[in-house]
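coords_2.txt follows (compact mmCIF, C-alpha atoms):
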# COMPACT_ATOMS: atom_id res chain seq x y z
CA MET A 205 -61.39 -64.64 10.78
CA SER A 206 -63.47 -61.52 11.11
CA PRO A 207 -67.24 -62.00 10.77
CA LEU A 208 -67.21 -59.73 7.74
CA GLN A 209 -65.18 -62.27 5.79
CA ALA A 210 -68.06 -64.72 6.13
CA VAL A 211 -70.21 -62.49 3.92
CA PRO A 212 -70.38 -63.94 0.40
CA LEU A 213 -69.36 -61.60 -2.41
CA ALA A 214 -72.86 -61.68 -3.96
CA VAL A 215 -74.18 -60.08 -0.76
CA ALA A 216 -71.18 -57.87 0.00
CA ILE A 217 -71.47 -55.99 -3.29
CA PRO A 218 -75.13 -54.88 -2.95
CA VAL A 219 -74.54 -54.09 0.74
CA ALA A 220 -71.56 -51.90 -0.13
CA LEU A 221 -73.46 -50.18 -2.94
CA LEU A 222 -76.43 -49.45 -0.68
CA VAL A 223 -74.21 -48.07 2.11
CA VAL A 224 -72.36 -45.84 -0.37
CA LEU A 225 -75.65 -44.70 -1.94
CA GLY A 226 -77.21 -43.90 1.44
CA SER A 227 -74.22 -42.06 2.81
CA THR A 228 -73.63 -40.15 -0.45
CA LEU A 229 -77.23 -38.92 -0.47
CA THR A 230 -76.91 -37.89 3.17
CA LEU A 231 -73.69 -36.02 2.36
CA ILE A 232 -75.29 -34.24 -0.61
CA GLY A 233 -78.23 -33.30 1.61
CA ALA A 234 -75.88 -31.92 4.25
CA LEU A 235 -73.91 -29.93 1.65
CA GLY A 236 -77.14 -28.53 0.26
CA PHE A 237 -78.25 -27.63 3.76
CA ALA A 238 -75.06 -25.59 4.17
CA ARG A 239 -75.20 -23.94 0.74
CA LEU A 240 -78.85 -23.08 0.12
CA SER A 241 -79.74 -19.47 0.70
CA THR A 242 -83.37 -19.34 1.86
CA PHE A 243 -85.06 -21.02 4.79
CA TYR A 244 -87.74 -22.74 2.71
CA ASP A 245 -85.12 -24.19 0.35
CA ARG A 246 -83.16 -25.51 3.30
CA LEU A 247 -86.24 -27.47 4.41
CA HIS A 248 -85.73 -29.74 1.42
CA ALA A 249 -82.06 -30.67 1.74
CA PRO A 250 -82.28 -32.91 4.83
CA THR A 251 -85.16 -34.90 3.30
CA LEU A 252 -82.52 -36.66 1.22
CA ALA A 253 -81.05 -37.99 4.44
CA THR A 254 -84.40 -38.96 5.90
CA SER A 255 -85.55 -40.88 2.82
CA TRP A 256 -83.02 -42.85 0.78
CA GLY A 257 -80.09 -41.72 2.90
CA THR A 258 -81.44 -43.68 5.84
CA GLY A 259 -83.20 -46.18 3.59
CA GLY A 260 -80.04 -47.33 1.83
CA VAL A 261 -78.14 -47.87 5.07
CA ILE A 262 -81.12 -49.63 6.69
CA ILE A 263 -81.63 -52.03 3.78
CA ALA A 264 -77.88 -52.75 3.66
CA SER A 265 -77.80 -53.50 7.38
CA ALA A 266 -80.87 -55.74 7.24
CA LEU A 267 -79.47 -57.62 4.25
CA MET A 268 -76.04 -58.19 5.77
CA PHE A 269 -77.21 -59.35 9.19
CA THR A 270 -79.91 -61.53 7.67
CA VAL A 271 -77.18 -63.37 5.76
CA LEU A 272 -74.68 -63.40 8.65
CA GLU A 273 -77.11 -64.72 11.24
CA GLY A 274 -79.07 -66.97 8.90
CA ARG A 275 -82.43 -65.61 10.05
CA PRO A 276 -84.48 -62.58 9.00
CA VAL A 277 -83.15 -59.47 10.77
CA VAL A 278 -85.64 -56.69 10.06
CA HIS A 279 -85.73 -54.54 13.19
CA GLU A 280 -83.72 -51.86 11.32
CA PHE A 281 -86.91 -51.05 9.48
CA VAL A 282 -88.40 -49.81 12.75
CA ILE A 283 -85.90 -46.92 12.52
CA GLY A 284 -87.16 -46.15 9.05
CA ILE A 285 -90.81 -46.24 10.13
CA CYS A 286 -90.13 -43.97 13.11
CA ILE A 287 -88.29 -41.47 10.90
CA VAL A 288 -91.08 -41.40 8.31
CA VAL A 289 -93.75 -40.96 10.98
CA THR A 290 -91.98 -38.28 13.02
CA THR A 291 -90.28 -36.09 10.37
CA PRO A 292 -93.50 -34.31 9.26
CA VAL A 293 -94.05 -33.10 12.82
CA THR A 294 -90.82 -31.12 13.06
CA LEU A 295 -90.92 -30.10 9.42
CA MET A 296 -94.42 -28.61 9.68
CA MET A 297 -93.55 -26.90 12.93
CA LEU A 298 -90.48 -25.23 11.40
CA ALA A 299 -92.24 -24.34 8.15
CA ARG A 300 -95.26 -22.82 9.87
CA ALA A 301 -93.09 -20.90 12.30
CA ALA A 302 -91.12 -19.46 9.38
CA LEU A 303 -94.30 -18.59 7.51
CA GLN A 304 -95.76 -16.90 10.56
CA ARG A 305 -92.60 -14.85 11.02
CA ASP A 306 -92.38 -13.87 7.35
CA ARG A 307 -96.06 -12.91 7.21
CA SER A 308 -95.79 -10.73 10.27
CA GLU A 309 -92.76 -9.04 8.69
CA GLY A 310 -94.70 -8.60 5.45
CA ALA A 311 -92.16 -10.42 3.29
CA ASP A 312 -92.78 -10.85 -0.45
CA GLY A 313 -93.64 -14.00 -2.34
CA LEU A 314 -95.62 -15.70 0.40
CA PRO A 315 -98.66 -17.86 -0.26
CA ALA A 316 -102.08 -16.36 0.48
CA THR A 317 -103.79 -17.31 3.71
CA GLY A 318 -106.65 -19.77 3.52
CA GLY A 319 -110.12 -18.78 2.46
CA GLU A 320 -108.89 -16.84 -0.54
CA THR A 321 -108.68 -18.34 -3.98
CA PRO A 322 -105.19 -19.61 -4.76
CA PRO A 323 -103.23 -17.09 -6.82
CA GLU A 324 -101.88 -18.01 -10.24
CA ASP A 325 -98.46 -19.60 -10.00
CA ARG A 326 -95.52 -17.40 -10.67
CA MET B 33 -114.00 -55.44 23.33
CA THR B 34 -113.82 -52.02 21.71
CA ARG B 35 -113.45 -50.47 25.15
CA LEU B 36 -110.56 -52.74 26.04
CA ILE B 37 -108.86 -52.52 22.65
CA PRO B 38 -109.95 -49.23 21.07
CA HIS B 39 -107.24 -49.29 18.41
CA PRO B 40 -106.61 -52.92 17.42
CA VAL B 41 -104.32 -52.09 14.48
CA LEU B 42 -102.21 -49.68 16.53
CA SER B 43 -101.94 -52.10 19.44
CA THR B 44 -101.04 -55.08 17.24
CA THR B 45 -98.40 -53.02 15.43
CA LEU B 46 -96.90 -51.94 18.75
CA VAL B 47 -96.72 -55.55 20.01
CA VAL B 48 -94.99 -56.62 16.78
CA LEU B 49 -92.53 -53.69 17.04
CA TRP B 50 -91.85 -54.52 20.68
CA LEU B 51 -91.12 -58.16 19.85
CA MET B 52 -88.89 -57.15 16.95
CA LEU B 53 -86.80 -54.93 19.20
CA THR B 54 -86.54 -57.42 22.07
CA ARG B 55 -86.08 -61.17 22.06
CA PHE B 56 -89.20 -63.26 21.65
CA SER B 57 -90.27 -64.74 24.99
CA LEU B 58 -93.52 -65.10 26.93
CA GLY B 59 -92.49 -62.39 29.40
CA TYR B 60 -91.78 -59.86 26.66
CA LEU B 61 -95.02 -60.80 24.91
CA ILE B 62 -97.06 -60.10 28.06
CA LEU B 63 -95.19 -56.86 28.82
CA GLY B 64 -95.48 -55.70 25.21
CA THR B 65 -99.19 -56.49 25.10
CA ALA B 66 -99.80 -54.58 28.32
CA LEU B 67 -97.87 -51.57 27.03
CA SER B 68 -99.66 -51.56 23.69
CA LEU B 69 -103.05 -51.70 25.41
CA VAL B 70 -102.13 -48.68 27.52
CA ALA B 71 -100.95 -46.90 24.37
CA GLY B 72 -104.29 -47.71 22.72
CA TRP B 73 -106.20 -46.19 25.64
CA ALA B 74 -103.99 -43.11 25.59
CA MET B 75 -104.59 -42.78 21.88
CA SER B 76 -108.37 -43.00 22.23
CA ALA B 77 -108.26 -40.37 24.98
CA LEU B 78 -106.33 -38.02 22.70
CA HIS B 79 -108.06 -38.74 19.45
CA PRO B 80 -111.61 -40.04 19.80
CA SER B 81 -112.30 -41.05 16.21
CA THR B 82 -110.95 -44.46 15.23
CA PRO B 83 -109.54 -44.49 11.70
CA HIS B 84 -111.07 -47.15 9.49
CA VAL B 85 -109.18 -48.69 6.64
CA ARG B 86 -111.85 -49.49 4.09
CA ARG B 87 -109.79 -51.16 1.43
CA TRP B 88 -106.47 -52.78 2.24
CA ALA B 89 -106.04 -53.83 -1.39
CA VAL B 90 -104.98 -50.32 -2.40
CA VAL B 91 -102.19 -50.16 0.20
CA PRO B 92 -99.56 -52.21 -1.72
CA ARG B 93 -100.15 -50.10 -4.83
CA LEU B 94 -99.71 -46.92 -2.78
CA VAL B 95 -96.48 -48.25 -1.25
CA LEU B 96 -95.07 -49.20 -4.66
CA VAL B 97 -95.91 -45.83 -6.24
CA LEU B 98 -94.44 -44.03 -3.23
CA PHE B 99 -91.27 -46.15 -3.24
CA TRP B 100 -90.64 -45.34 -6.90
CA ASP B 101 -91.49 -41.67 -6.39
CA ILE B 102 -89.05 -41.39 -3.49
CA ILE B 103 -86.21 -42.85 -5.56
CA ARG B 104 -86.98 -40.55 -8.48
CA SER B 105 -87.21 -37.37 -6.44
CA ASN B 106 -84.12 -38.28 -4.42
CA LEU B 107 -82.09 -38.35 -7.62
CA ALA B 108 -83.77 -35.18 -8.92
CA VAL B 109 -83.11 -33.19 -5.74
CA ALA B 110 -79.55 -34.56 -5.41
CA ARG B 111 -78.83 -33.43 -8.97
CA LEU B 112 -80.28 -29.97 -8.30
CA LEU B 113 -78.27 -29.63 -5.08
CA LEU B 114 -75.02 -30.58 -6.82
CA THR B 115 -75.59 -28.05 -9.59
CA GLU B 116 -76.94 -25.38 -7.22
CA GLY B 117 -76.20 -21.88 -8.45
CA ARG B 118 -75.75 -22.96 -12.06
CA ASN B 119 -79.11 -24.51 -12.92
CA GLY B 120 -81.34 -21.48 -12.50
CA ARG B 121 -83.62 -23.36 -10.14
CA ARG B 122 -86.34 -21.35 -8.46
CA SER B 123 -88.46 -22.74 -5.69
CA ALA B 124 -92.16 -21.93 -5.44
CA PHE B 125 -95.13 -22.16 -3.16
CA VAL B 126 -98.05 -24.07 -4.57
CA GLN B 127 -101.58 -24.18 -3.21
CA ILE B 128 -103.63 -27.28 -3.85
CA PRO B 129 -107.30 -27.59 -2.87
CA LEU B 130 -107.80 -30.98 -1.24
CA THR B 131 -111.02 -32.96 -1.17
CA ILE B 132 -109.94 -35.38 1.55
CA THR B 133 -110.88 -34.29 5.04
CA ASP B 134 -110.24 -37.48 6.99
CA GLN B 135 -107.56 -36.78 9.60
CA THR B 136 -105.76 -40.07 9.14
CA ALA B 137 -105.71 -39.66 5.37
CA LEU B 138 -104.28 -36.15 5.79
CA GLY B 139 -101.69 -37.52 8.19
CA PHE B 140 -100.60 -40.08 5.62
CA LEU B 141 -100.50 -37.45 2.90
CA ALA B 142 -98.20 -35.39 5.13
CA MET B 143 -95.90 -38.37 5.62
CA ILE B 144 -95.88 -39.13 1.89
CA LEU B 145 -95.07 -35.55 0.91
CA THR B 146 -92.38 -35.24 3.58
CA ALA B 147 -90.75 -38.55 2.69
CA THR B 148 -90.58 -37.45 -0.94
CA PRO B 149 -87.70 -34.99 -1.35
CA GLY B 150 -88.59 -31.81 -3.19
CA THR B 151 -91.91 -31.17 -1.48
CA ALA B 152 -92.45 -29.70 1.96
CA TRP B 153 -95.83 -29.42 3.64
CA VAL B 154 -96.15 -25.81 4.81
CA GLU B 155 -99.75 -25.22 5.77
CA TYR B 156 -103.21 -26.76 5.64
CA GLU B 157 -106.36 -24.76 6.26
CA THR B 158 -109.12 -26.94 7.69
CA ASP B 159 -111.85 -24.46 6.69
CA SER B 160 -111.01 -24.11 3.03
CA GLY B 161 -109.19 -27.45 2.58
CA ILE B 162 -106.32 -25.70 0.84
CA LEU B 163 -102.90 -27.25 1.23
CA THR B 164 -99.83 -25.07 0.80
CA LEU B 165 -96.69 -26.86 -0.32
CA HIS B 166 -93.22 -25.57 -0.91
CA ILE B 167 -91.73 -27.03 -4.08
CA PHE B 168 -87.96 -27.15 -4.41
CA ASP B 169 -88.03 -27.09 -8.20
CA GLY B 170 -90.52 -24.41 -9.25
CA SER B 171 -90.64 -25.66 -12.84
CA GLU B 172 -92.40 -28.82 -11.66
CA VAL B 173 -95.41 -27.12 -10.08
CA GLN B 174 -97.89 -28.74 -12.47
CA HIS B 175 -96.27 -32.14 -11.96
CA TYR B 176 -96.80 -31.94 -8.21
CA ARG B 177 -100.38 -30.71 -8.60
CA ASP B 178 -101.03 -33.85 -10.63
CA VAL B 179 -99.14 -36.14 -8.28
CA VAL B 180 -101.09 -34.93 -5.25
CA GLY B 181 -104.47 -34.44 -6.88
CA LYS B 182 -104.58 -37.36 -9.31
CA ILE B 183 -102.41 -40.05 -7.74
CA TYR B 184 -102.12 -39.84 -3.96
CA GLU B 185 -105.43 -38.20 -3.11
CA PRO B 186 -107.64 -40.71 -4.98
CA MET B 187 -105.67 -43.60 -3.49
CA LEU B 188 -105.97 -42.24 0.06
CA MET B 189 -109.68 -41.63 -0.52
CA GLU B 190 -110.13 -45.22 -1.62
CA ILE B 191 -108.32 -46.43 1.47
CA PHE B 192 -109.87 -44.24 4.15
CA GLU B 193 -113.13 -42.66 2.98
Kindly return the structure encoded in the file as structure tokens.
Amino acid sequence: MSPLQAVPLAVAIPVALLVVLGSTLTLIGALGFARLSTFYDRLHAPTLATSWGTGGVIIASALMFTVLEGRPVVHEFVIGICIVVTTPVTLMMLARAALQRDRSEGADGLPATGGETPPEDR
Amino acid sequence: MTRLIPHPVLSTTLVVLWLMLTRFSLGYLILGTALSLVAGWAMSALHPSTPHVRRWAVVPRLVLVLFWDIIRSNLAVARLLLTEGRNGRRSAFVQIPLTITDQTALGFLAMILTATPGTAWVEYETDSGILTLHIFDGSEVQHYRDVVGKIYEPMLMEIFE
């Protein structure tokens, strides 16, 4: 008997739903990443994968192994914490690099540099 | 005491993480404690000011609001991505003057805004305190101004300042 068969149906259903939710969001994020046309828009697509995409799979894994092993298994959440703490670093680096490049090229539609009053929103 | 353990919260968290990732035993506890102390010293060498959490009571409320916000914006961004090209979405930059100046509070705000799909932290000017965000759905500019200025900023101020 495979260990998966030991999972009661009441647990298997939420686990399956969470895994499907997480992987679907990650897939949508990846599709968006491929389809979006501007750099700043593409910054947003992978955040689906780093929030509920990972979150769904993590919660599903914690839930299933907690039931299977009969003790709380929560170390998956460390992955989640590490992702939440580290994503802003790369995101800011990419965003600021893009902004720097676009400003030096004099592109349109960029935010004003600090010190000035914020312009009215378009 | 403060010289030996300059960052008690950081060090305790690291020991707990270490024990979660290994098996619990005396050897691992000693090794983990030693490592987290070294990490605390390294941290205080890099970043001399120790963050102080003034009110822990606000933290659960912040986590709940954030959790709900992340679910909501996940669905919103997923819907926009699936209908991309047909929904007339336009992204926008938005500049928000911040009143918080505490580095830890700003760090948490960055994590919150990054973890929430639809907002990306682009730039923060320390002199003027103006935060530049990139908003995926430009029609929600006012919503995000309110979310940052009226929900997260007051909560972070209560916690850290």
**Report entry** Residue with smallest distance to chain B - pool A:Val224, A:Val261, A:Ala216, A:Leu303, counting only C-alpha atoms
**Finding:**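 Nearest to chain B: A:Leu303.
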Q) Ile128 (chain B): which residues within 9 Å, counting all atoms listed in the file, same-chain residues fewer than 3 positions away excluded, as an MDAnalysis selection string? A) (chainID A and resid 322) or (chainID B and resid 161:165 177 180:181)
Using C-alpha atoms, can you export the residues from the last selection as an mmCIF file, keeping the file's coordinate frame?
data_model
loop_
_atom_site.group_PDB
_atom_site.id
_atom_site.type_symbol
_atom_site.label_atom_id
_atom_site.label_comp_id
_atom_site.auth_asym_id
_atom_site.auth_seq_id
_atom_site.Cartn_x
_atom_site.Cartn_y
_atom_site.Cartn_z
ATOM 1 C CA PRO A 322 -105.190 -19.610 -4.760
ATOM 2 C CA GLY B 161 -109.190 -27.450 2.580
ATOM 3 C CA ILE B 162 -106.320 -25.700 0.840
ATOM 4 C CA LEU B 163 -102.900 -27.250 1.230
ATOM 5 C CA THR B 164 -99.830 -25.070 0.800
ATOM 6 C CA LEU B 165 -96.690 -26.860 -0.320
ATOM 7 C CA ARG B 177 -100.380 -30.710 -8.600
ATOM 8 C CA VAL B 180 -101.090 -34.930 -5.250
ATOM 9 C CA GLY B 181 -104.470 -34.440 -6.880
#
inquiry  = Based on all atoms listed in the file, which of the residues in chain B come within 7 Å of chain A? I want them as a ChimeraX atom specification.
reply    = /B:52-53,106,110,113,125,127,142-143,146-147,149-155,157,160,162,168
Atom pair CA of Arg111 (chain B) + CA of Ala266 (chain A), distance 27.7 Å
What separates CA of Ile132 (chain B) and CA of His175 (chain B) is a distance of 19.5 Å
